[in-house]
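Just below is one structure, and these are the notes that go with it.
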2 protein chains.
Amino acid sequence: MLKLASATDPAWADRVLRELPEVLLDHAHCEKKAAGVAIRLIFQYPDHAFLMGPLAGLAREELAHFEEVLAWLERKGLEFRRQRPSAYAGQLRKIVRDKEPLRLLDLLLCCAVIEARSCERLGLLAAALGDEPLGRFYEGLRKAEARHHGLYVDLACQLAARDEVADRLQEITHHEAAILADARPLPRLHS
Amino acid sequence: MLKLASATDPAWADRVLRELPEVLLDHAHCEKKAAGVAIRLIFQYPDHAFLMGPLAGLAREELAHFEEVLAWLERKGLEFRRQRPSAYAGQLRKIVRDKEPLRLLDLLLCCAVIEARSCERLGLLAAALGDEPLGRFYEGLRKAEARHHGLYVDLACQLAARDEVADRLQEITHHEAAILADARPLPRLHS
């Protein structure tokens with residue numbers, strides 16, 4: 001199901017875990033942004049009633065994860081604060097077409113790809129941390145991200161035929177892989 | 001705790017319940033907007049770490065209520081759709097001062113007042129519907145709104161002394177009462 005166009009170098013996890021405070025903070029912002037994106041779609045597309053319940057449920061789950069990451073920050077003696085985001089999401093967004101319903105289709109599939117990448121990377125962090133409590137936390141989230149990926153793809157399939165969705169998803173995964181290949185190596189989930 | 005500057009005429013409930021489909025739809029939008037406002041505060045004030053957890057929890061609860069109202073719409077054979085909002089929230093917002101931290105204080109207290117009014121009106125709807133399932137649903141939400149009111153006031157008290165918060169809250173409740181006194185009687189929770 002999770003077909004990304006590139007695999008992250010397993011050395012990535014060890015590199016970013018050397019800056020765990022930055023990664024935890026970035027992760028908190030990612031969960032917050034994931035909730036924000038789902039809510040924005042709810043506000044922008046009130047006439048697509050089929051989106052409302054699933055996106056509200058997803059946003060609730062992202063907020064719960066946000067709260068859990070805030071608790072991890074606190075446990076580590078760190079405070080939540082503003083952080084310079086990686087360029088990833090803004091660059092990914094450039095592939096979104098203007099015309100509806102293509103715009104909505106692309107937004108949903110961009111979300112699906114972000115969830116897939118988060119899933120992959122949280123899996124790498126979980127593997128690097130092993131049986132530590134933080135590793136188990138990441139492993140739980142990894143499964144949630146996989147579920148969210150599937151949810152976004154399913155919603156996209158209510159707008160277009162499954163083949164068309166699969167083709168567009170592939171295009172977006174290639175765009176995403178190119179962004180990461182060029183990204184500055186920051187201690188971020190998507191960098 | 002819930003000190004509004006005016007009491008709604010008890011005849012209000014019977015009047016709006018004659019247009020239940022519109023009221024249910026408005027209520028769904030209100031829950032959605034309540035979640036949206038909390039999320040917007042999270043995004044706008046990342047440097048106020050004390051807001052993050054409480055507002056995330058509150059937004060989660062508002063989203064759960066949104067989903068419950070969507071289920072009520074479905075049960076009644078109604079679809080969620082765009083709806084012209086009442087002027088209430090936009091007019092209330094005019095009292096918000098520009099300069100920080102007054103802006104944030106006012107935003108929190110406007111939310112507190114909206115929750116208080118929702119609490120009052122859901123109570124009137126619950127009383128009018130009695131032991132019907134929808135009445136019991138409103139009664140449950142009424143209690144949640146009272147809790148949310150208290151949460152917003154408590155957050156405001158982290159920005160200013162309790163007396164200052166109480167004075168400003170009173171000013172905002174008077175502004176709110178004047179808005180409702182002038183409002184066109186629409187089948188809306190805040191009209």
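Labels used: A, B, ... for chains in the order of the structure tokens, numbers from 1 for residues in each chain, and numbers from 1 for ligands as shown.
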Write out, as CSV, each residue of chain A that has an atom at most 6 Å from chain B, together with the closest pair of atoms and their distance in Å to one decimal, counting only C-alpha atoms, rows going by chain and rising number.
```
residue,atom,partner,partner_atom,distance
A:Pro46,CA,B:Arg82,CA,5.5
A:Asp47,CA,B:Arg81,CA,5.1
A:Ala49,CA,B:Phe80,CA,5.7
A:Gly53,CA,B:Glu67,CA,5.7
A:Ala56,CA,B:Leu63,CA,5.8
A:Arg60,CA,B:Arg60,CA,4.9
A:Leu63,CA,B:Ala56,CA,5.8
A:Glu67,CA,B:Gly53,CA,5.7
A:Phe80,CA,B:Ala49,CA,5.7
A:Arg81,CA,B:Asp47,CA,5.1
A:Arg82,CA,B:Pro46,CA,5.5
```
Write to file, as a short mmCIF file (atom, residue, chain, number, x, y, z; two decimals), in the first residue's frame, the residues of the selection just made, with N, CA, C and O atoms.
```cif
data_model
loop_
_atom_site.label_atom_id
_atom_site.label_comp_id
_atom_site.auth_asym_id
_atom_site.auth_seq_id
_atom_site.Cartn_x
_atom_site.Cartn_y
_atom_site.Cartn_z
N PRO A 46 -17.05 22.14 2.55
CA PRO A 46 -18.27 21.75 3.29
C PRO A 46 -19.26 21.02 2.39
O PRO A 46 -20.10 20.27 2.90
N ASP A 47 -19.19 21.22 1.07
CA ASP A 47 -20.16 20.56 0.20
C ASP A 47 -19.76 19.14 -0.15
O ASP A 47 -20.51 18.43 -0.81
N ALA A 49 -19.74 16.29 1.70
CA ALA A 49 -20.13 15.76 3.01
C ALA A 49 -19.34 14.49 3.35
O ALA A 49 -19.07 14.23 4.53
N GLY A 53 -16.85 13.51 8.33
CA GLY A 53 -16.64 12.58 9.45
C GLY A 53 -15.23 12.00 9.46
O GLY A 53 -14.53 12.09 10.47
N ALA A 56 -12.67 14.67 10.38
CA ALA A 56 -12.80 15.09 11.78
C ALA A 56 -12.17 14.03 12.68
O ALA A 56 -11.43 14.35 13.62
N ARG A 60 -8.86 14.54 15.04
CA ARG A 60 -8.88 14.23 16.48
C ARG A 60 -7.69 13.36 16.87
O ARG A 60 -7.05 13.56 17.89
N LEU A 63 -4.49 15.35 16.83
CA LEU A 63 -4.41 16.20 18.02
C LEU A 63 -4.00 15.38 19.25
O LEU A 63 -3.21 15.84 20.08
N GLU A 67 -0.71 15.99 21.54
CA GLU A 67 -0.68 16.05 23.00
C GLU A 67 0.32 15.04 23.56
O GLU A 67 1.02 15.32 24.54
N PHE A 80 7.67 23.28 24.30
CA PHE A 80 7.18 23.50 22.94
C PHE A 80 7.43 24.96 22.58
O PHE A 80 7.21 25.85 23.39
N ARG A 81 7.90 25.18 21.38
CA ARG A 81 8.15 26.55 20.92
C ARG A 81 8.12 26.56 19.39
O ARG A 81 8.08 25.52 18.74
N ARG A 82 8.12 27.76 18.87
CA ARG A 82 8.19 27.97 17.42
C ARG A 82 9.43 27.29 16.87
O ARG A 82 10.46 27.24 17.55
#
```
### Message
If you run DSSP on the backbone here, which positions in stretch 3-187 of chain A get alpha helix (DSSP H)? Please write them as a PyMOL selection string.
### Response
chain A and resi 11-17+20-44+49-75+88-93+102-129+133-156+162-182
### Task
Using only C-alpha atoms, determine which residues lie at most 10 Å from stretch 103-113 of chain B, disregarding the query and same-chain residues fewer than 6 positions distant; provide the list as number ranges by chain.
B: 2-5, 34, 37-38, 41, 44-45, 89, 92-93, 95-97, 119, 145-160, 165-166, 168-170, 172-173, 176
Selection export as a PDB file, in the first residue's frame, atoms kept: C-alpha atoms:
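Result written to again30.pdb:
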```pdb
ATOM      1  CA  LEU B   2     -21.598  31.453  33.555  1.00  0.00           C
ATOM      2  CA  LYS B   3     -22.410  35.126  33.809  1.00  0.00           C
ATOM      3  CA  LEU B   4     -24.090  36.248  30.612  1.00  0.00           C
ATOM      4  CA  ALA B   5     -25.419  39.805  30.436  1.00  0.00           C
ATOM      5  CA  ALA B  34     -15.311  25.835  17.800  1.00  0.00           C
ATOM      6  CA  VAL B  37     -10.936  28.525  16.555  1.00  0.00           C
ATOM      7  CA  ALA B  38      -9.026  26.412  19.081  1.00  0.00           C
ATOM      8  CA  LEU B  41      -5.075  29.763  18.478  1.00  0.00           C
ATOM      9  CA  GLN B  44      -1.079  31.612  16.107  1.00  0.00           C
ATOM     10  CA  TYR B  45       0.457  31.317  19.580  1.00  0.00           C
ATOM     11  CA  ALA B  89     -19.240  35.591  15.734  1.00  0.00           C
ATOM     12  CA  LEU B  92     -18.414  39.606  18.664  1.00  0.00           C
ATOM     13  CA  ARG B  93     -14.911  39.601  17.215  1.00  0.00           C
ATOM     14  CA  ILE B  95     -14.369  43.882  20.493  1.00  0.00           C
ATOM     15  CA  VAL B  96     -10.974  42.184  20.245  1.00  0.00           C
ATOM     16  CA  ARG B  97      -8.136  44.650  20.807  1.00  0.00           C
ATOM     17  CA  CYS B 119     -24.403  26.300  27.155  1.00  0.00           C
ATOM     18  CA  GLU B 145     -19.911  23.878  26.980  1.00  0.00           C
ATOM     19  CA  ALA B 146     -19.901  24.912  30.649  1.00  0.00           C
ATOM     20  CA  ARG B 147     -16.583  23.119  31.073  1.00  0.00           C
ATOM     21  CA  HIS B 148     -15.149  24.778  27.963  1.00  0.00           C
ATOM     22  CA  HIS B 149     -16.236  28.176  29.246  1.00  0.00           C
ATOM     23  CA  GLY B 150     -14.288  27.513  32.439  1.00  0.00           C
ATOM     24  CA  LEU B 151     -11.252  26.331  30.490  1.00  0.00           C
ATOM     25  CA  TYR B 152     -11.112  29.508  28.405  1.00  0.00           C
ATOM     26  CA  VAL B 153     -11.459  31.690  31.503  1.00  0.00           C
ATOM     27  CA  ASP B 154      -8.696  29.727  33.248  1.00  0.00           C
ATOM     28  CA  LEU B 155      -6.405  30.187  30.256  1.00  0.00           C
ATOM     29  CA  ALA B 156      -7.170  33.919  30.246  1.00  0.00           C
ATOM     30  CA  CYS B 157      -6.173  34.014  33.929  1.00  0.00           C
ATOM     31  CA  GLN B 158      -2.674  32.940  32.919  1.00  0.00           C
ATOM     32  CA  LEU B 159      -2.366  36.179  30.954  1.00  0.00           C
ATOM     33  CA  ALA B 160      -3.878  38.679  33.380  1.00  0.00           C
ATOM     34  CA  VAL B 165     -10.165  39.012  33.508  1.00  0.00           C
ATOM     35  CA  ALA B 166     -13.490  39.336  35.342  1.00  0.00           C
ATOM     36  CA  ARG B 168     -13.078  42.314  30.697  1.00  0.00           C
ATOM     37  CA  LEU B 169     -15.350  39.284  30.665  1.00  0.00           C
ATOM     38  CA  GLN B 170     -18.173  41.500  31.862  1.00  0.00           C
ATOM     39  CA  ILE B 172     -17.567  41.261  26.496  1.00  0.00           C
ATOM     40  CA  THR B 173     -20.784  39.747  27.837  1.00  0.00           C
ATOM     41  CA  GLU B 176     -22.511  39.972  23.245  1.00  0.00           C
TER      42      GLU B 176
END
```
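As for atom CA of B:Glu31 and atom CA of B:Val69, they are spaced 8.3 Å apart.
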### Task
Would you kindly return, as a list in words, each protein, DNA or RNA residue with an atom no farther than 10 Å from any atom of stretch 12-14 of chain A, considering only C-alpha atoms and excluding same-chain residues fewer than 3 positions away?
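Near neighbours after the sequence-gap exclusion: Thr8, Asp9, Leu17, Arg18, Glu19, Leu20, Arg121, Leu122, Gly123, Leu124, Leu125, Ala126, Ala127, Ala128, Leu129, Pro185, Pro187, Leu189 and Ser191 of chain A.
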Residues as selected, all heavy atoms, written as a compact mmCIF listing (two decimals), in the first residue's frame, can you do that?
```txt
# COMPACT_ATOMS: atom_id res chain seq x y z
N THR A 8 14.36 5.86 2.50
CA THR A 8 15.28 6.66 3.30
C THR A 8 16.48 5.81 3.71
O THR A 8 16.32 4.65 4.12
CB THR A 8 14.55 7.18 4.56
OG1 THR A 8 13.48 8.03 4.14
CG2 THR A 8 15.47 7.95 5.48
N ASP A 9 17.66 6.39 3.58
CA ASP A 9 18.89 5.75 4.05
C ASP A 9 18.74 5.40 5.54
O ASP A 9 18.45 6.30 6.34
CB ASP A 9 20.04 6.76 3.84
CG ASP A 9 21.38 6.24 4.34
OD1 ASP A 9 21.42 5.15 4.96
OD2 ASP A 9 22.38 6.95 4.11
N LEU A 17 18.69 11.31 15.39
CA LEU A 17 18.53 11.05 16.83
C LEU A 17 19.64 11.70 17.65
O LEU A 17 19.51 11.86 18.86
CB LEU A 17 18.46 9.54 17.11
CG LEU A 17 17.12 8.89 16.74
CD1 LEU A 17 17.18 7.38 16.89
CD2 LEU A 17 15.97 9.46 17.59
N ARG A 18 20.71 12.11 17.00
CA ARG A 18 21.75 12.87 17.70
C ARG A 18 21.23 14.25 18.10
O ARG A 18 21.84 14.92 18.91
CB ARG A 18 23.01 13.00 16.82
CG ARG A 18 23.83 11.70 16.79
CD ARG A 18 25.26 11.94 16.31
NE ARG A 18 25.30 12.27 14.89
CZ ARG A 18 25.42 11.39 13.89
NH1 ARG A 18 25.53 10.10 14.19
NH2 ARG A 18 25.47 11.76 12.64
N GLU A 19 20.14 14.66 17.43
CA GLU A 19 19.52 15.96 17.81
C GLU A 19 18.07 15.72 18.23
O GLU A 19 17.15 16.37 17.71
CB GLU A 19 19.63 16.94 16.65
CG GLU A 19 21.09 17.29 16.37
CD GLU A 19 21.23 18.25 15.20
OE1 GLU A 19 21.01 19.46 15.41
OE2 GLU A 19 21.56 17.78 14.09
N LEU A 20 17.92 14.82 19.18
CA LEU A 20 16.58 14.41 19.60
C LEU A 20 15.67 15.57 20.00
O LEU A 20 14.49 15.58 19.61
CB LEU A 20 16.67 13.36 20.72
CG LEU A 20 15.32 12.77 21.15
CD1 LEU A 20 14.62 12.07 19.99
CD2 LEU A 20 15.51 11.80 22.31
N ARG A 121 9.51 6.87 8.21
CA ARG A 121 10.57 7.44 9.06
C ARG A 121 10.34 7.14 10.54
O ARG A 121 11.30 6.93 11.28
CB ARG A 121 10.68 8.94 8.79
CG ARG A 121 11.17 9.14 7.33
CD ARG A 121 12.02 10.34 7.18
NE ARG A 121 12.76 10.29 5.94
CZ ARG A 121 13.41 11.33 5.43
NH1 ARG A 121 13.39 12.49 6.05
NH2 ARG A 121 14.10 11.20 4.31
N LEU A 122 9.08 7.14 10.96
CA LEU A 122 8.83 6.77 12.36
C LEU A 122 9.22 5.31 12.57
O LEU A 122 9.72 4.93 13.64
CB LEU A 122 7.35 6.99 12.72
CG LEU A 122 6.96 8.46 12.88
CD1 LEU A 122 5.44 8.61 12.99
CD2 LEU A 122 7.63 9.09 14.10
N GLY A 123 9.04 4.49 11.53
CA GLY A 123 9.49 3.09 11.61
C GLY A 123 11.00 3.01 11.78
O GLY A 123 11.51 2.21 12.58
N LEU A 124 11.74 3.85 11.05
CA LEU A 124 13.20 3.86 11.18
C LEU A 124 13.62 4.32 12.58
O LEU A 124 14.55 3.77 13.18
CB LEU A 124 13.84 4.76 10.12
CG LEU A 124 13.74 4.27 8.66
CD1 LEU A 124 14.30 5.33 7.71
CD2 LEU A 124 14.49 2.93 8.48
N LEU A 125 12.94 5.35 13.07
CA LEU A 125 13.25 5.83 14.43
C LEU A 125 12.94 4.74 15.46
O LEU A 125 13.72 4.50 16.39
CB LEU A 125 12.46 7.10 14.76
CG LEU A 125 12.83 8.37 13.98
CD1 LEU A 125 11.92 9.53 14.39
CD2 LEU A 125 14.30 8.75 14.19
N ALA A 126 11.78 4.08 15.27
CA ALA A 126 11.39 3.02 16.20
C ALA A 126 12.44 1.91 16.19
O ALA A 126 12.85 1.41 17.26
CB ALA A 126 10.02 2.46 15.83
N ALA A 127 12.91 1.54 15.01
CA ALA A 127 13.90 0.46 14.90
C ALA A 127 15.21 0.88 15.56
O ALA A 127 15.86 0.09 16.25
CB ALA A 127 14.12 0.10 13.43
N ALA A 128 15.61 2.15 15.36
CA ALA A 128 16.87 2.62 15.93
C ALA A 128 16.79 2.69 17.46
O ALA A 128 17.79 2.46 18.15
CB ALA A 128 17.21 4.00 15.37
N LEU A 129 15.62 2.99 17.98
CA LEU A 129 15.47 3.14 19.44
C LEU A 129 15.16 1.81 20.11
O LEU A 129 15.30 1.70 21.35
CB LEU A 129 14.35 4.15 19.75
CG LEU A 129 14.71 5.61 19.44
CD1 LEU A 129 13.44 6.46 19.38
CD2 LEU A 129 15.69 6.17 20.47
N PRO A 185 19.99 18.45 4.97
CA PRO A 185 19.79 17.50 6.07
C PRO A 185 19.62 18.22 7.41
O PRO A 185 20.58 18.54 8.09
CB PRO A 185 21.06 16.65 6.05
CG PRO A 185 22.09 17.45 5.35
CD PRO A 185 21.38 18.44 4.46
N PRO A 187 17.57 18.24 11.27
CA PRO A 187 16.98 17.25 12.19
C PRO A 187 15.46 17.38 12.20
O PRO A 187 14.87 17.91 13.14
CB PRO A 187 17.59 17.63 13.55
CG PRO A 187 17.96 19.07 13.44
CD PRO A 187 18.23 19.35 11.99
N LEU A 189 11.63 15.36 10.62
CA LEU A 189 11.07 14.12 10.09
C LEU A 189 11.07 14.11 8.57
O LEU A 189 11.22 13.06 7.94
CB LEU A 189 9.62 13.94 10.57
CG LEU A 189 9.41 13.18 11.88
CD1 LEU A 189 7.93 13.08 12.19
CD2 LEU A 189 10.03 11.78 11.81
N SER A 191 13.12 15.75 6.12
CA SER A 191 14.25 16.53 5.62
C SER A 191 15.39 15.56 5.33
O SER A 191 15.31 14.40 5.63
CB SER A 191 14.62 17.58 6.65
OG SER A 191 15.60 18.42 6.12
```
### Query
Please, what distance in Å, to one decimal, runs between atom CA of B:Ala116 and atom CA of B:Ser6?
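Answer for the atom CA of B:Ala116 to atom CA of B:Ser6 separation: 11.3 Å.
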### Query
Which of these, A:Arg75, A:Arg15, A:His190, A:Arg162, has the shortest distance to A:Tyr88 once you count only C-alpha atoms?
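Answer, going by the shortest atom-to-atom distance: A:His190.
Among B:Leu180, B:Glu120, B:Phe137, B:Arg188, the residue with the shortest atom-to-atom distance to B:Pro21, counting only C-alpha atoms, is B:Arg188.
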### Task
Could you check how far atom CA of A:Gln91 sits from atom CA of A:Ala161, in Å to one decimal?
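Atom CA of A:Ala161 lies at a distance of 26.2 Å from atom CA of A:Gln91.
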